[in-house]
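> Supplied in structure tokens, the structure appears directly below.
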There are 2 protein chains.
Amino acid sequence: MSASTPPPPPQPLPLPRATVARLEAVLSIGAHLIPHPRKAASGGEDAFFANSDAGGVFAIADGVSGWAEKNVNPALFSRELMRNSSNFLNDEAVSHDPQILLMKAHAATSSIGSATVIIAMLEKTGTLKIASVGDCGLKVIRKGQVMFSISPQEHYFDCPYQISSEAEGQTYKDALVCSVNLMEGDIIVSGSDGLFDNIFDQEIVSIISESPSVDEAAKALAELARKHSVDVRFDSPYSMEARSRGFDVPWWKKLLGGKLIGGKMDDITVVVAQVKTVVVPEDEVQGGDTEEQKGNEQGAAAVVAYKMNDEEVA
Amino acid sequence: MSASTPPPPPQPLPLPRATVARLEAVLSIGAHLIPHPRKAASGGEDAFFANSDAGGVFAIADGVSGWAEKNVNPALFSRELMRNSSNFLNDEAVSHDPQILLMKAHAATSSIGSATVIIAMLEKTGTLKIASVGDCGLKVIRKGQVMFSISPQEHYFDCPYQISSEAEGQTYKDALVCSVNLMEGDIIVSGSDGLFDNIFDQEIVSIISESPSVDEAAKALAELARKHSVDVRFDSPYSMEARSRGFDVPWWKKLLGGKLIGGKMDDITVVVAQVKTVVVPEDEVQGGDTEEQKGNEQGAAAVVAYKMNDEEVA
């Protein structure tokens, strides 16, 4: 309203240009893989990938070891499946659907073999979308309790559903497909059966509460599972499940008080992811489809990894 | 191409007018409620509703019995919450979202009390959407195995999250919200904790495989849970969980070989629903928003029910 010119404006602070912003959910992801003690030299048969694009995606594949009897390296299929999953991530047809990603990755995999597999994708709204074939596991921990958990699928004890190079195997159509709405601070713990066969929920919750980062949580979980897996006196989830299915020691051992007990030696892959919310300025949001790598502590755009000679290979 | 007129067409068969059709998923729903043995006269404190509209919806509420100590009938809150859930089902804002339905129903409930609650809605595409607060359970059985299961939420043992008339209670914001893609033939088993505290997964799978209908399955599950609930020698899921949390008999009883054991007497509500697909002609599909009551064997548009003097009240 003054007729005089205003004084020159003060030097602007480096504020973001956008005045409108919104919250988006993203994942901080940590992962750790410990091969089966007798497969350390070859790196074992698990593989995984983690990717910070568009909220966060991770996947785990556990190569079915029975292929070794047919002179097929069981690691080839799981590793190629994970590479292909990573490659198809930005494929238009996938459109943030883990089941379609599994279909595409499977179709592109030429190795002989089979694997259990889980793929999980966080949408910006906080919905975690999951497709799983077999007995890889995933649990969500909120406020110190397991509040979501997926069930394994199997043909019979120790024979899980599996994505396969052979026609008799399962496909993306057989996947358990589900989703869960996550909140800031929720922790996702996912892994191959080598994790969940050797560690109880209460141990997972306890380690998560004590770990300062997702990386350290993944490492601590893998190491405790590994410790239990080689402990012949540990009454593991695996041995409890086996007994409940009617497997046990011979009757004469039972008479002497014996029972089927012990951990289960296996490759152990652990992914731990924490849900965080990041503020995204609205003008960036409008161009949101091309955005990448927001807020993921790991920073890497994509990591396809497995163990080789005790070194993680990306 | 002939210049002569064609012969008169044969008398048309009574075919549907539409030539294009598509499949939609619907639920056949059966339910059964058995009150706590000491609450049979008042009908217990569980309530549920089942509705065949738009694919299928059901909900269960378990009134928290502690309110009786404050001279409040714990059944009033759970019953009103279920009536309100049923009333708001076609509210525009609900838009097939069980969490919004829970918000609306809770806001409209004026009774004093609190309840655990689960609401599940099947979309025509086959996606089951779930919102749950507390320890009502829901499992999906596919090909003879439990392939999906939700976890209870609780503050501490035997104190579940609960929707309440009081500000300290939980709200729709605290709900576990998740979804699972279902297939034709999948069976959903949902219930109050009185079911899942007294019956093991293998028993559920076995009863489902033997039952000729969802109604009979619901009845058989409720009756087996009821039988176990009053069996002081049955090592129930509830007593196993209690022991794993450190509850047990006094040390001197332990020395004599005793342990905390037995079923848990409670109201028992069971809902069993089976996924079916129905063929919907495309011309009906185009007006699909107004369609109702397709393919549900129960036929009733809405049933809000609880037990009163051993008679089911709708």
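Please note that chains go A, B, ... in the order of the structure tokens, that every chain numbers its residues from 1, and that ligands are numbered from 1 in the order shown.
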Quick one: pick out all strand (DSSP E or B) residues within stretch 88-223 of chain B from a backbone DSSP run and write them as an MDAnalysis selection string.
chainID B and resid 114:122 127:133 137:142 145:150 154:156 159:160 163:164 170 176:181 187:191
> Up to 12 Å from chain A, what residues of chain B turn up? Count only C-alpha atoms and give them as an NGL selection string.
:B and (99 or 126-135 or 137-157 or 161 or 173-183 or 186 or 200-202 or 244-245)
> If we count only C-alpha atoms and set the cut-off at 9 Å, which residues sit around B:Ser65, ignoring sequence neighbours fewer than 5 positions away in its own chain? Please answer as a short mmCIF file (atom, residue, chain, number, x, y, z; two decimals) with N, CA and C atoms, in the first residue's frame.

```
data_model
loop_
_atom_site.label_atom_id
_atom_site.label_comp_id
_atom_site.auth_asym_id
_atom_site.auth_seq_id
_atom_site.Cartn_x
_atom_site.Cartn_y
_atom_site.Cartn_z
N GLU B 45 -20.63 -62.27 25.05
CA GLU B 45 -20.22 -60.90 24.70
C GLU B 45 -19.63 -60.77 23.30
N ASN B 73 -22.47 -53.96 31.06
CA ASN B 73 -22.64 -55.20 30.31
C ASN B 73 -21.70 -55.18 29.10
N PRO B 74 -20.67 -56.04 29.10
CA PRO B 74 -19.66 -55.98 28.03
C PRO B 74 -20.22 -56.30 26.65
N ALA B 75 -21.43 -56.85 26.59
CA ALA B 75 -22.00 -57.23 25.29
C ALA B 75 -22.55 -56.04 24.53
N GLY B 113 -17.88 -49.38 26.83
CA GLY B 113 -17.27 -50.70 26.76
C GLY B 113 -16.12 -50.70 25.78
N SER B 114 -15.65 -51.89 25.45
CA SER B 114 -14.59 -52.01 24.45
C SER B 114 -14.65 -53.41 23.86
N ALA B 115 -14.03 -53.58 22.72
CA ALA B 115 -14.08 -54.87 22.03
C ALA B 115 -12.90 -55.01 21.10
#
```
> When DSSP is applied to the backbone of this structure, which of stretch 48-167 of chain A are assigned helix (DSSP H, G or I)? Write them out as number ranges by chain.
A: 53-55, 65-70, 74-87, 98-108
> Please produce a file of those selected residues containing N, CA and C atoms, as a short mmCIF file (atom, residue, chain, number, x, y, z; two decimals), in the first residue's frame.

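Written output follows (again.cif):
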```cif
data_model
loop_
_atom_site.label_atom_id
_atom_site.label_comp_id
_atom_site.auth_asym_id
_atom_site.auth_seq_id
_atom_site.Cartn_x
_atom_site.Cartn_y
_atom_site.Cartn_z
N ASP A 53 15.06 -47.90 -5.14
CA ASP A 53 14.17 -47.14 -6.04
C ASP A 53 12.73 -47.16 -5.54
N ALA A 54 12.07 -46.05 -5.77
CA ALA A 54 10.62 -45.98 -5.62
C ALA A 54 10.12 -46.60 -4.33
N GLY A 55 10.68 -46.16 -3.21
CA GLY A 55 10.22 -46.65 -1.92
C GLY A 55 11.12 -47.72 -1.36
N SER A 65 18.47 -77.48 -3.05
CA SER A 65 19.77 -78.16 -3.09
C SER A 65 19.70 -79.52 -3.76
N GLY A 66 18.49 -80.10 -3.88
CA GLY A 66 18.36 -81.41 -4.50
C GLY A 66 18.94 -81.48 -5.91
N TRP A 67 19.07 -80.34 -6.59
CA TRP A 67 19.61 -80.33 -7.95
C TRP A 67 21.05 -80.80 -8.02
N ALA A 68 21.77 -80.70 -6.90
CA ALA A 68 23.17 -81.14 -6.89
C ALA A 68 23.27 -82.63 -7.24
N GLU A 69 22.23 -83.39 -6.85
CA GLU A 69 22.24 -84.84 -7.16
C GLU A 69 22.17 -85.09 -8.67
N LYS A 70 21.69 -84.10 -9.41
CA LYS A 70 21.62 -84.23 -10.88
C LYS A 70 22.77 -83.47 -11.54
N PRO A 74 22.89 -75.81 -7.75
CA PRO A 74 21.60 -75.21 -7.37
C PRO A 74 21.65 -73.68 -7.22
N ALA A 75 22.87 -73.13 -7.19
CA ALA A 75 22.98 -71.68 -6.99
C ALA A 75 22.69 -70.91 -8.28
N LEU A 76 22.88 -71.57 -9.42
CA LEU A 76 22.76 -70.83 -10.69
C LEU A 76 21.36 -70.28 -10.90
N PHE A 77 20.34 -71.12 -10.61
CA PHE A 77 18.96 -70.70 -10.83
C PHE A 77 18.58 -69.54 -9.92
N SER A 78 18.89 -69.66 -8.62
CA SER A 78 18.49 -68.61 -7.68
C SER A 78 19.20 -67.29 -8.00
N ARG A 79 20.46 -67.39 -8.38
CA ARG A 79 21.21 -66.16 -8.68
C ARG A 79 20.68 -65.49 -9.95
N GLU A 80 20.40 -66.31 -10.97
CA GLU A 80 19.88 -65.71 -12.22
C GLU A 80 18.49 -65.12 -11.99
N LEU A 81 17.68 -65.81 -11.18
CA LEU A 81 16.33 -65.31 -10.89
C LEU A 81 16.41 -63.94 -10.21
N MET A 82 17.36 -63.79 -9.30
CA MET A 82 17.50 -62.50 -8.61
C MET A 82 18.04 -61.42 -9.56
N ARG A 83 19.02 -61.79 -10.42
CA ARG A 83 19.51 -60.81 -11.40
C ARG A 83 18.37 -60.34 -12.29
N ASN A 84 17.56 -61.30 -12.76
CA ASN A 84 16.46 -60.94 -13.65
C ASN A 84 15.40 -60.11 -12.92
N SER A 85 15.14 -60.44 -11.67
CA SER A 85 14.18 -59.64 -10.89
C SER A 85 14.66 -58.20 -10.83
N SER A 86 15.93 -58.03 -10.60
CA SER A 86 16.49 -56.69 -10.53
C SER A 86 16.40 -55.99 -11.89
N ASN A 87 16.68 -56.74 -12.95
CA ASN A 87 16.67 -56.14 -14.30
C ASN A 87 15.28 -55.67 -14.73
N PRO A 98 4.70 -57.15 -7.47
CA PRO A 98 5.74 -58.17 -7.27
C PRO A 98 5.41 -59.50 -7.97
N GLN A 99 4.13 -59.80 -8.13
CA GLN A 99 3.77 -61.05 -8.80
C GLN A 99 4.13 -60.99 -10.29
N ILE A 100 3.92 -59.83 -10.90
CA ILE A 100 4.28 -59.67 -12.32
C ILE A 100 5.80 -59.67 -12.47
N LEU A 101 6.48 -59.06 -11.51
CA LEU A 101 7.95 -59.08 -11.55
C LEU A 101 8.46 -60.52 -11.50
N LEU A 102 7.84 -61.31 -10.64
CA LEU A 102 8.23 -62.72 -10.54
C LEU A 102 7.97 -63.45 -11.86
N MET A 103 6.84 -63.18 -12.48
CA MET A 103 6.53 -63.80 -13.77
C MET A 103 7.59 -63.46 -14.81
N LYS A 104 7.93 -62.18 -14.90
CA LYS A 104 8.91 -61.72 -15.88
C LYS A 104 10.29 -62.32 -15.60
N ALA A 105 10.69 -62.29 -14.33
CA ALA A 105 12.03 -62.77 -13.97
C ALA A 105 12.13 -64.28 -14.23
N HIS A 106 11.08 -65.01 -13.92
CA HIS A 106 11.07 -66.45 -14.12
C HIS A 106 11.16 -66.77 -15.62
N ALA A 107 10.36 -66.07 -16.41
CA ALA A 107 10.34 -66.31 -17.86
C ALA A 107 11.72 -66.05 -18.48
N ALA A 108 12.46 -65.13 -17.88
CA ALA A 108 13.76 -64.76 -18.46
C ALA A 108 14.90 -65.64 -17.96
#
```
> Counting only C-alpha atoms, figure out which residue out of A:Gln162, A:Ser111, A:Ser206, A:Ser192 gets nearest to A:Val72.
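Checking each of A:Gln162, A:Ser111, A:Ser206, A:Ser192 against A:Val72, counting only C-alpha atoms, the winner is A:Ser111.
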> Using only C-alpha atoms, which residues sit within 8 Å of stretch 217-228 of chain A once same-chain residues fewer than 3 positions away are excluded, as JSON, numbers by chain?
{"A": [30, 31, 32, 33, 34, 194, 195, 196, 198, 199, 204, 207, 208, 211, 212, 213, 214, 231, 234, 236, 262, 263, 264, 265, 268, 269, 270, 271, 272]}
> Kindly give the distance, in Å, that separates atom CA of A:Asp267 and atom CA of A:Val64, rounded to a single decimal.
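Computing it gives 10.8 Å between the two atoms.
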> Just to confirm, what's the straight-line distance from atom CA of A:His96 to atom CA of A:Leu27 in Å (one decimal)?
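Atom-to-atom, atom CA of A:His96 to atom CA of A:Leu27, that is 15.0 Å.
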